[in-house]
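Enquirer: For reference, the file coords-v2.tsv (TSV, C-alpha atoms) is included below:
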```tsv
chain	number	residue	atom	x	y	z
V	26	MET	CA	-8.35	-43.30	-10.00
V	27	PHE	CA	-5.93	-40.76	-11.39
V	28	ALA	CA	-7.48	-37.54	-12.64
V	29	SER	CA	-5.96	-37.28	-16.09
V	30	ARG	CA	-5.99	-38.63	-19.63
V	31	SER	CA	-2.34	-39.72	-19.82
V	32	SER	CA	-0.14	-42.14	-17.90
V	33	MET	CA	1.75	-41.16	-14.76
V	34	ASN	CA	5.54	-41.03	-14.67
V	35	GLU	CA	7.21	-41.55	-11.29
V	36	PRO	CA	4.59	-40.06	-8.97
V	37	THR	CA	5.90	-38.57	-5.75
V	38	SER	CA	4.21	-36.98	-2.76
V	39	VAL	CA	3.69	-33.33	-3.65
V	40	PHE	CA	2.46	-30.60	-1.30
V	41	LEU	CA	0.77	-27.40	-2.43
V	42	VAL	CA	0.04	-24.37	-0.29
V	43	LEU	CA	-3.04	-22.66	-1.70
V	44	SER	CA	-4.31	-19.18	-0.99
V	45	GLY	CA	-6.94	-18.90	1.72
V	46	GLU	CA	-8.67	-16.01	-0.07
V	47	HIS	CA	-11.66	-18.12	-1.10
V	48	PRO	CA	-13.08	-21.37	0.29
V	49	THR	CA	-13.49	-23.26	-3.01
V	50	LEU	CA	-11.79	-21.50	-5.93
V	51	PRO	CA	-8.14	-22.36	-5.10
V	52	MET	CA	-8.70	-26.13	-5.05
V	53	ALA	CA	-10.89	-26.04	-8.16
V	54	GLU	CA	-8.33	-23.96	-10.03
V	55	MET	CA	-5.49	-26.31	-9.04
V	56	LYS	CA	-7.40	-29.34	-10.35
V	57	ALA	CA	-8.33	-27.51	-13.56
V	58	ILE	CA	-4.70	-26.57	-14.27
V	59	LEU	CA	-3.45	-30.12	-13.69
V	60	ASP	CA	-6.17	-31.62	-15.89
V	61	ALA	CA	-5.76	-29.05	-18.68
V	62	ASN	CA	-2.01	-29.69	-18.79
V	63	GLN	CA	-2.60	-33.46	-18.71
V	64	ILE	CA	-0.63	-33.98	-15.52
V	65	PRO	CA	-1.86	-37.17	-13.81
V	66	PHE	CA	-2.51	-36.73	-10.11
V	67	LYS	CA	-4.23	-38.34	-7.18
V	68	LEU	CA	-5.53	-36.21	-4.31
V	69	THR	CA	-4.29	-37.74	-1.05
V	70	GLY	CA	-5.06	-35.11	1.57
V	71	SER	CA	-6.35	-31.62	2.26
V	72	PHE	CA	-5.91	-29.62	5.47
V	73	TYR	CA	-7.12	-26.01	5.14
V	74	LYS	CA	-4.58	-24.37	2.76
V	75	LEU	CA	-2.39	-27.47	2.47
V	76	VAL	CA	-3.18	-29.93	-0.33
V	77	LYS	CA	-1.33	-33.19	-0.94
V	78	ILE	CA	-1.27	-35.07	-4.23
V	79	GLN	CA	0.64	-37.92	-5.85
V	80	ALA	CA	2.12	-36.60	-9.09
V	81	ASP	CA	5.30	-36.01	-11.09
V	82	ILE	CA	6.89	-33.17	-9.14
V	83	GLU	CA	8.85	-31.83	-12.13
V	84	ALA	CA	5.66	-31.54	-14.19
V	85	VAL	CA	3.81	-29.84	-11.33
V	86	LYS	CA	6.66	-27.35	-10.77
V	87	LYS	CA	6.33	-26.20	-14.38
V	88	ILE	CA	2.70	-25.15	-13.95
V	89	GLY	CA	2.93	-23.62	-10.45
V	90	GLY	CA	3.20	-20.06	-11.75
V	91	ARG	CA	0.00	-20.39	-13.79
V	92	GLY	CA	-2.26	-20.49	-10.77
V	93	ALA	CA	-3.86	-17.41	-9.27
V	94	PHE	CA	-4.14	-19.15	-5.93
V	95	ILE	CA	-1.06	-21.41	-5.75
V	96	ASP	CA	1.34	-19.86	-3.22
V	97	GLU	CA	3.98	-22.59	-3.24
V	98	LEU	CA	4.55	-26.27	-3.90
V	99	GLY	CA	7.22	-28.89	-3.52
V	100	THR	CA	8.17	-32.44	-2.58
V	101	GLU	CA	6.90	-33.80	0.71
V	102	ILE	CA	9.74	-35.57	2.53
V	103	ALA	CA	8.18	-36.61	5.83
V	104	GLN	CA	4.90	-36.64	7.72
V	105	SER	CA	4.47	-37.25	11.43
V	106	GLU	CA	2.42	-36.54	14.50
V	107	PRO	CA	2.97	-32.93	15.65
V	108	THR	CA	5.36	-33.70	18.52
V	109	ILE	CA	9.11	-33.17	18.69
V	110	SER	CA	9.76	-36.89	19.17
V	111	GLY	CA	7.45	-37.82	16.32
V	112	ILE	CA	8.99	-35.20	14.02
V	113	ASP	CA	12.52	-36.34	14.89
V	114	ASP	CA	11.72	-39.99	14.19
V	115	ALA	CA	10.08	-39.19	10.83
V	116	ILE	CA	12.96	-37.01	9.63
V	117	LYS	CA	15.63	-39.47	10.76
V	118	SER	CA	13.77	-42.21	8.87
V	119	SER	CA	13.61	-40.19	5.64
V	120	ASP	CA	16.41	-40.19	3.10
V	121	LEU	CA	17.50	-36.56	3.28
V	122	SER	CA	20.67	-37.32	1.31
V	123	GLN	CA	18.67	-37.43	-1.95
V	124	TYR	CA	17.70	-33.78	-1.43
V	125	LEU	CA	20.67	-32.24	0.38
V	126	GLY	CA	24.43	-32.83	0.26
V	127	GLU	CA	27.35	-31.73	2.42
V	128	ARG	CA	28.21	-28.88	0.05
V	129	ASP	CA	24.66	-27.52	0.02
V	130	SER	CA	23.10	-24.86	2.22
V	131	PHE	CA	19.52	-24.59	3.40
V	132	ASN	CA	16.98	-22.75	5.47
V	133	ILE	CA	13.63	-23.80	6.88
V	134	ARG	CA	10.51	-21.87	7.79
V	135	VAL	CA	7.48	-23.33	9.57
V	136	LEU	CA	3.87	-22.35	8.86
V	137	ARG	CA	0.84	-23.16	10.97
V	138	PHE	CA	-2.60	-23.51	9.35
V	139	GLY	CA	-5.90	-23.39	11.18
V	140	GLY	CA	-4.58	-22.68	14.67
V	141	VAL	CA	-3.47	-26.26	15.31
V	142	SER	CA	-0.66	-27.47	17.61
V	143	ARG	CA	-0.48	-24.21	19.54
V	144	GLU	CA	1.72	-25.86	22.16
V	145	ILE	CA	4.58	-25.94	19.63
V	146	SER	CA	6.51	-22.70	19.07
V	147	ARG	CA	7.17	-22.18	15.36
V	148	VAL	CA	10.38	-20.26	16.04
V	149	LYS	CA	11.78	-22.93	18.36
V	150	LEU	CA	10.74	-25.66	15.92
V	151	GLU	CA	12.57	-23.88	13.08
V	152	GLY	CA	15.74	-23.77	15.13
V	153	HIS	CA	15.42	-27.41	16.11
V	154	LEU	CA	14.77	-28.53	12.53
V	155	GLY	CA	17.73	-26.52	11.25
V	156	TRP	CA	19.98	-28.24	13.78
V	157	LEU	CA	18.53	-31.69	13.05
V	158	ILE	CA	18.73	-31.47	9.26
V	159	GLY	CA	22.23	-30.00	9.42
V	160	ASN	CA	23.35	-32.71	11.81
V	161	ILE	CA	22.04	-35.48	9.54
V	162	THR	CA	23.23	-34.11	6.20
V	163	LYS	CA	26.25	-31.98	7.24
V	164	ALA	CA	24.85	-29.19	5.08
V	165	ARG	CA	25.06	-25.68	6.53
V	166	VAL	CA	22.22	-23.36	7.49
V	167	ASP	CA	22.10	-20.16	5.42
V	168	LEU	CA	19.22	-17.83	6.24
V	169	GLU	CA	19.99	-15.32	3.48
V	170	ASN	CA	20.85	-17.18	0.26
V	171	PRO	CA	20.56	-20.95	0.65
V	172	THR	CA	20.65	-23.44	-2.21
V	173	HIS	CA	17.61	-25.27	-0.77
V	174	HIS	CA	14.46	-24.01	0.95
V	175	PHE	CA	12.63	-26.40	3.27
V	176	ARG	CA	9.10	-25.91	4.52
V	177	GLY	CA	7.64	-27.19	7.77
V	178	LEU	CA	3.85	-27.25	7.98
V	179	LEU	CA	1.65	-27.74	11.02
V	180	ALA	CA	-1.68	-28.56	9.42
V	181	GLY	CA	-4.53	-30.77	10.49
V	182	PRO	CA	-3.38	-33.60	12.79
V	183	TYR	CA	0.12	-33.77	11.28
V	184	PHE	CA	3.47	-32.10	10.81
V	185	HIS	CA	4.79	-32.10	7.24
V	186	LEU	CA	8.34	-31.49	6.01
V	187	GLY	CA	8.82	-30.52	2.39
V	188	LEU	CA	11.37	-29.14	-0.04
V	189	ILE	CA	10.03	-26.08	-1.88
V	190	GLY	CA	10.10	-26.38	-5.67
V	191	TYR	CA	8.10	-23.27	-6.59
V	192	GLN	CA	7.20	-20.18	-4.59
V	193	ARG	CA	5.09	-17.29	-5.78
V	194	PRO	CA	7.12	-14.06	-6.09
V	195	ALA	CA	6.11	-11.35	-3.63
V	196	GLY	CA	3.79	-8.75	-5.14
V	197	TYR	CA	3.39	-10.68	-8.37
V	198	VAL	CA	0.03	-9.04	-9.24
V	199	ALA	CA	0.80	-5.54	-7.95
V	200	ASN	CA	1.50	-4.04	-11.39
V	201	ARG	CA	-1.66	-5.62	-12.85
V	202	ARG	CA	-4.13	-4.14	-10.40
V	203	PRO	CA	-6.93	-2.34	-12.28
V	204	ARG	CA	-5.88	1.14	-11.15
V	205	LYS	CA	-2.28	0.51	-12.24
V	206	ARG	CA	-3.33	-0.04	-15.87
V	207	PRO	CA	-3.52	2.74	-18.48
V	208	ALA	CA	-7.30	2.26	-18.88
V	209	PHE	CA	-9.43	1.76	-15.77
V	210	HIS	CA	-13.05	0.77	-15.32
V	211	PRO	CA	-14.59	0.26	-11.85
V	212	SER	CA	-16.28	-3.03	-12.76
V	213	THR	CA	-13.02	-4.70	-13.79
V	214	MET	CA	-12.22	-7.96	-11.98
V	215	THR	CA	-9.16	-8.37	-9.82
V	216	PRO	CA	-6.26	-10.09	-11.62
V	217	LYS	CA	-6.50	-13.17	-9.38
V	218	LEU	CA	-10.18	-13.76	-10.04
V	219	ALA	CA	-9.73	-13.11	-13.76
V	220	ARG	CA	-6.81	-15.54	-13.94
V	221	SER	CA	-8.67	-18.21	-12.02
V	222	MET	CA	-11.57	-17.96	-14.50
V	223	VAL	CA	-9.16	-18.42	-17.41
V	224	ASN	CA	-7.69	-21.49	-15.72
V	225	LEU	CA	-11.13	-22.91	-14.94
V	226	SER	CA	-11.92	-22.69	-18.66
V	227	GLY	CA	-9.20	-25.28	-19.34
V	228	ALA	CA	-7.08	-22.86	-21.38
V	229	VAL	CA	-3.40	-23.71	-21.93
V	230	PRO	CA	-0.66	-21.97	-23.95
V	231	GLY	CA	-1.81	-21.74	-27.56
V	232	THR	CA	-5.53	-22.05	-26.78
V	233	THR	CA	-7.78	-19.76	-28.82
V	234	PHE	CA	-9.47	-17.93	-25.97
V	235	MET	CA	-12.31	-15.44	-26.13
V	236	ASP	CA	-13.92	-12.91	-23.81
V	237	PRO	CA	-17.09	-11.70	-25.61
V	238	PHE	CA	-17.71	-8.95	-23.00
V	239	CYS	CA	-14.08	-7.92	-22.67
V	240	GLY	CA	-14.50	-4.38	-21.31
V	241	VAL	CA	-11.04	-2.91	-20.76
V	242	GLY	CA	-9.39	-6.33	-21.02
V	243	GLY	CA	-8.86	-7.62	-17.48
V	244	ILE	CA	-9.58	-11.25	-18.37
V	245	LEU	CA	-7.79	-10.95	-21.74
V	246	ILE	CA	-4.63	-9.76	-19.97
V	247	GLU	CA	-4.51	-12.85	-17.78
V	248	ALA	CA	-5.24	-15.18	-20.69
V	249	GLY	CA	-2.54	-13.51	-22.78
V	250	LEU	CA	0.03	-13.75	-20.00
V	251	LEU	CA	-0.78	-17.47	-19.77
V	252	GLY	CA	0.12	-17.88	-23.43
V	253	CYS	CA	-3.36	-17.99	-24.98
V	254	GLN	CA	-4.28	-16.54	-28.37
V	255	VAL	CA	-6.86	-13.98	-27.26
V	256	ILE	CA	-9.92	-12.55	-28.96
V	257	GLY	CA	-11.87	-9.77	-27.27
V	258	MET	CA	-15.24	-8.35	-28.16
V	259	ASP	CA	-17.36	-5.56	-26.70
V	260	ALA	CA	-20.34	-3.50	-27.79
V	261	LEU	CA	-18.71	-0.21	-26.83
V	262	ARG	CA	-15.88	1.32	-28.83
V	263	ARG	CA	-14.43	3.08	-25.76
V	264	MET	CA	-14.10	-0.26	-23.96
V	265	LEU	CA	-12.19	-1.71	-26.89
V	266	ARG	CA	-9.88	1.31	-26.91
V	267	GLY	CA	-9.18	0.70	-23.23
V	268	SER	CA	-8.62	-2.99	-23.82
V	269	ARG	CA	-6.15	-2.25	-26.63
V	270	ARG	CA	-4.21	0.18	-24.42
V	271	ASN	CA	-4.06	-2.26	-21.54
V	272	LEU	CA	-2.94	-5.19	-23.67
V	273	ARG	CA	-0.25	-3.05	-25.30
V	274	HIS	CA	0.93	-1.98	-21.82
V	275	PHE	CA	1.66	-5.63	-20.99
V	276	GLU	CA	3.21	-6.23	-24.43
V	277	LEU	CA	0.39	-8.53	-25.47
V	278	LYS	CA	-0.88	-8.71	-29.04
V	279	PRO	CA	-4.45	-10.02	-29.41
V	280	MET	CA	-5.61	-12.09	-32.35
V	281	ALA	CA	-8.52	-9.67	-32.65
V	282	LEU	CA	-10.46	-7.00	-30.80
V	283	LEU	CA	-13.95	-6.80	-32.26
V	284	ARG	CA	-16.77	-4.35	-31.78
V	285	GLY	CA	-19.99	-6.31	-31.66
V	286	ASP	CA	-22.84	-7.89	-29.77
V	287	ALA	CA	-21.92	-11.09	-27.91
V	288	ARG	CA	-25.33	-12.45	-28.84
V	289	SER	CA	-24.00	-12.77	-32.38
V	290	ILE	CA	-20.35	-13.90	-32.27
V	291	PRO	CA	-18.65	-13.43	-35.67
V	292	VAL	CA	-15.88	-16.03	-35.16
V	293	ARG	CA	-16.06	-19.80	-35.11
V	294	ASN	CA	-12.68	-21.18	-34.01
V	295	VAL	CA	-12.85	-20.70	-30.24
V	296	GLU	CA	-11.59	-23.29	-27.75
V	297	ALA	CA	-12.32	-21.62	-24.40
V	298	ILE	CA	-14.37	-18.69	-23.12
V	299	ALA	CA	-14.31	-16.83	-19.81
V	300	THR	CA	-16.34	-13.69	-19.37
V	301	ASP	CA	-18.03	-11.29	-16.98
V	302	PRO	CA	-21.11	-9.86	-18.72
V	303	PRO	CA	-22.27	-6.35	-17.72
V	304	TYR	CA	-24.86	-6.07	-14.96
V	305	GLY	CA	-27.86	-3.77	-14.81
V	306	THR	CA	-29.85	-2.04	-17.53
V	307	GLY	CA	-27.46	0.74	-18.62
V	308	ALA	CA	-25.80	1.45	-21.94
V	309	SER	CA	-23.19	-1.25	-21.40
V	310	THR	CA	-25.95	-3.91	-21.46
V	311	LEU	CA	-27.60	-2.48	-24.58
V	312	LYS	CA	-30.59	-1.69	-22.33
V	313	SER	CA	-31.16	-5.38	-21.58
V	314	THR	CA	-31.09	-7.24	-18.28
V	315	THR	CA	-28.20	-9.57	-17.54
V	316	ARG	CA	-30.60	-12.53	-17.64
V	317	SER	CA	-31.85	-11.55	-21.09
V	318	ILE	CA	-28.31	-11.19	-22.38
V	319	LEU	CA	-27.32	-14.60	-21.04
V	320	LYS	CA	-30.39	-16.25	-22.58
V	321	GLU	CA	-29.18	-15.11	-26.00
V	322	PHE	CA	-25.43	-15.29	-25.40
V	323	LEU	CA	-25.06	-18.84	-24.06
V	324	PRO	CA	-26.65	-20.58	-27.09
V	325	GLU	CA	-24.34	-18.49	-29.27
V	326	ALA	CA	-21.34	-19.47	-27.14
V	327	HIS	CA	-22.35	-23.12	-27.50
V	328	SER	CA	-22.35	-22.75	-31.29
V	329	VAL	CA	-18.70	-21.58	-31.41
V	330	LEU	CA	-17.35	-24.26	-29.04
V	331	THR	CA	-16.99	-27.98	-29.59
V	332	LYS	CA	-18.08	-30.78	-27.27
V	333	HIS	CA	-16.36	-30.69	-23.85
V	334	ASP	CA	-15.05	-27.14	-24.39
V	335	ARG	CA	-15.80	-24.79	-21.52
V	336	VAL	CA	-17.21	-21.36	-20.89
V	337	VAL	CA	-16.74	-19.76	-17.48
V	338	VAL	CA	-19.26	-17.03	-16.81
V	339	ALA	CA	-19.75	-14.65	-13.90
V	340	SER	CA	-23.19	-13.30	-13.06
V	341	PRO	CA	-25.01	-11.95	-10.02
V	342	THR	CA	-26.49	-14.68	-7.83
V	343	GLY	CA	-30.18	-15.05	-8.50
V	344	THR	CA	-29.86	-14.44	-12.25
V	345	GLY	CA	-30.82	-18.04	-12.96
V	346	THR	CA	-27.71	-18.76	-15.01
V	347	PRO	CA	-27.62	-22.54	-14.28
V	348	ASP	CA	-31.11	-23.04	-15.80
V	349	ILE	CA	-30.22	-20.85	-18.79
V	350	ALA	CA	-27.02	-22.85	-19.31
V	351	ASP	CA	-28.85	-26.17	-19.15
V	352	SER	CA	-31.31	-25.09	-21.84
V	353	SER	CA	-28.42	-23.77	-23.98
V	354	GLY	CA	-26.54	-27.06	-24.38
V	355	PHE	CA	-24.21	-26.84	-21.38
V	356	ARG	CA	-23.87	-28.75	-18.17
V	357	ALA	CA	-22.63	-27.01	-15.04
V	358	VAL	CA	-19.49	-28.78	-13.77
V	359	ASP	CA	-18.58	-26.33	-11.00
V	360	ARG	CA	-19.95	-23.31	-9.16
V	361	HIS	CA	-18.42	-20.72	-6.82
V	362	GLU	CA	-19.77	-17.65	-5.07
V	363	VAL	CA	-17.59	-14.55	-4.76
V	364	TYR	CA	-18.71	-11.71	-2.50
V	365	VAL	CA	-18.07	-8.27	-4.03
V	366	HIS	CA	-20.05	-5.91	-1.78
V	367	ARG	CA	-23.33	-5.95	0.14
V	368	ARG	CA	-25.38	-5.53	-3.04
V	369	LEU	CA	-23.44	-7.92	-5.26
V	370	THR	CA	-22.27	-11.51	-4.95
V	371	ARG	CA	-20.92	-13.03	-8.13
V	372	GLU	CA	-21.72	-16.59	-9.14
V	373	ILE	CA	-18.85	-18.16	-11.11
V	374	LEU	CA	-20.17	-21.03	-13.21
V	375	VAL	CA	-17.98	-23.48	-15.12
V	376	LEU	CA	-20.03	-24.81	-18.02
V	377	GLU	CA	-19.09	-27.64	-20.37
V	378	ALA	CA	-20.56	-28.00	-23.85
V	379	VAL	CA	-22.50	-31.25	-24.31
```
What would the structure in this file look like if it were written as structure tokens?
Expert:
Amino acid sequence: MFASRSSMNEPTSVFLVLSGEHPTLPMAEMKAILDANQIPFKLTGSFYKLVKIQADIEAVKKIGGRGAFIDELGTEIAQSEPTISGIDDAIKSSDLSQYLGERDSFNIRVLRFGGVSREISRVKLEGHLGWLIGNITKARVDLENPTHHFRGLLAGPYFHLGLIGYQRPAGYVANRRPRKRPAFHPSTMTPKLARSMVNLSGAVPGTTFMDPFCGVGGILIEAGLLGCQVIGMDALRRMLRGSRRNLRHFELKPMALLRGDARSIPVRNVEAIATDPPYGTGASTLKSTTRSILKEFLPEAHSVLTKHDRVVVASPTGTGTPDIADSSGFRAVDRHEVYVHRRLTREILVLEAV
């Protein structure tokens, strides 16, 4: 079965290299992005950070930059056993001419995932593949500024050759780190985790997105950069001031920034929610426990969403959020644990309104 609501156009074998920063979030985020953008796909393989799907490569290339944990993606050209003879046979049998012409230039880099095929030198394999591809296509090797970038992957029991279609820019989140923003708060999520939560909510460009515990705007920034219409709310005026400064810094204009209690949301046209409620019993929680807040917030969130809309909520493990969600009209469709420090592990729950 294909995981989408629309028909598939010309599926090809697509490879994705996901971040190894978390054991479950990268794959879940990838699937959520494809589904939310109605890109039909079929999962055909997974080997550590390498994921293979059947999909329309041009459609997938367009959404590559949305992912927090998508490092690169492209068209898979050949797959073989991880031996020189097997690799040679697979590449010679593939139709390289549809990807590379005599007037083109190329380079190739080989990655190894999971410590497999240690008997093969990556550097020697790169040189061999450059010679082989050049010999077949008559294209020239250019290590500095090629027209085409090939990727060799030693992953699982196979070698994979692919043509890169999207590659994450180096340091793409550096300027969005919490301490680089005008307003800083120590509890702010990292940009990658915040972005992944937005993607898990099913938000796409134009979605009316809300963070009812917005703090200084870390999640709102990621939603805004993804093209959402963002609404932020917080009980503390100083948090809203920080959120406004941070959004302005990234040239983002929110639909609204509201001072208020998330247990009484004053808007009704919300399509997706992702949020990280405050923890503890301090002023930021209005002297309530996180569990108490969630018991009042989640029914309110359910009232502003429609059926099948999603709220992604972070809470400390042991808070009992799944049971609260179930009694609030949601079903849990996904769950991830994210270690923060020895006294805090976050539970990321993806909840769907029923």
Enquirer: Residues within 7 Å of Leu245 in chain V, please, as a PyMOL selection string. Count all atoms listed in the file; anything in the same chain fewer than 6 positions from it doesn't count.
Expert: chain V and resi 236+255+257
Enquirer: Can you tell me how far CA of Phe322 in chain V sits from CA of Ser289 in chain V, in Å to one decimal?
Expert: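 Spanning CA of Phe322 in chain V to CA of Ser289 in chain V is a straight-line distance of 7.6 Å.
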Enquirer: How many Å separate CA of Thr233 in chain V from CA of Arg202 in chain V?
Expert: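 Separating CA of Thr233 in chain V from CA of Arg202 in chain V is a distance of 24.4 Å.
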Enquirer: Applying 8 Å and only C-alpha atoms, which residues near range 67-76 of chain V remain after dropping the ones on its own chain fewer than 2 positions away? List them as number ranges by chain.
Expert: V: 26-28, 40-45, 65, 78-80, 138-139, 180-181
Enquirer: Suppose you want the space between CA of Lys86 in chain V and CA of Val39 in chain V; what is it in Å?
Expert: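 Distance between the two atoms: 9.8 Å.
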Enquirer: Output as JSON lines one row per residue of range 255-348 of chain V within 9 Å of range 204-228 of chain V: the closest atom pair and its distance in Å to one decimal place, counting only C-alpha atoms, sorted by chain and residue number ascending.
Expert:
```
{"residue": "V:Met264", "atom": "CA", "partner": "V:His210", "partner_atom": "CA", "distance": 8.8}
{"residue": "V:Arg266", "atom": "CA", "partner": "V:Ala208", "partner_atom": "CA", "distance": 8.5}
{"residue": "V:Gly267", "atom": "CA", "partner": "V:Ala208", "partner_atom": "CA", "distance": 5.0}
{"residue": "V:Ser268", "atom": "CA", "partner": "V:Ala208", "partner_atom": "CA", "distance": 7.3}
{"residue": "V:Arg270", "atom": "CA", "partner": "V:Pro207", "partner_atom": "CA", "distance": 6.5}
{"residue": "V:Asn271", "atom": "CA", "partner": "V:Pro207", "partner_atom": "CA", "distance": 5.9}
{"residue": "V:His274", "atom": "CA", "partner": "V:Pro207", "partner_atom": "CA", "distance": 7.3}
{"residue": "V:Glu296", "atom": "CA", "partner": "V:Ala228", "partner_atom": "CA", "distance": 7.8}
{"residue": "V:Ala297", "atom": "CA", "partner": "V:Ser226", "partner_atom": "CA", "distance": 5.9}
{"residue": "V:Ile298", "atom": "CA", "partner": "V:Ser226", "partner_atom": "CA", "distance": 6.5}
{"residue": "V:Ala299", "atom": "CA", "partner": "V:Val223", "partner_atom": "CA", "distance": 5.9}
{"residue": "V:Thr300", "atom": "CA", "partner": "V:Met222", "partner_atom": "CA", "distance": 8.0}
{"residue": "V:Asp301", "atom": "CA", "partner": "V:Met214", "partner_atom": "CA", "distance": 8.4}
{"residue": "V:Pro303", "atom": "CA", "partner": "V:Ser212", "partner_atom": "CA", "distance": 8.5}
{"residue": "V:Asp334", "atom": "CA", "partner": "V:Ser226", "partner_atom": "CA", "distance": 7.9}
{"residue": "V:Arg335", "atom": "CA", "partner": "V:Ser226", "partner_atom": "CA", "distance": 5.3}
{"residue": "V:Val336", "atom": "CA", "partner": "V:Ser226", "partner_atom": "CA", "distance": 5.9}
{"residue": "V:Val337", "atom": "CA", "partner": "V:Ser226", "partner_atom": "CA", "distance": 5.8}
{"residue": "V:Val338", "atom": "CA", "partner": "V:Met222", "partner_atom": "CA", "distance": 8.1}
{"residue": "V:Ala339", "atom": "CA", "partner": "V:Met222", "partner_atom": "CA", "distance": 8.8}
```
Enquirer: Identify, on the basis of only C-alpha atoms, every residue whose closest approach to Thr342 in chain V does not exceed 8 Å; exclude the query and any residue fewer than 6 positions from it along the same chain; express the result as a VMD selection string.
Expert: chain V and resid 362 369 to 372
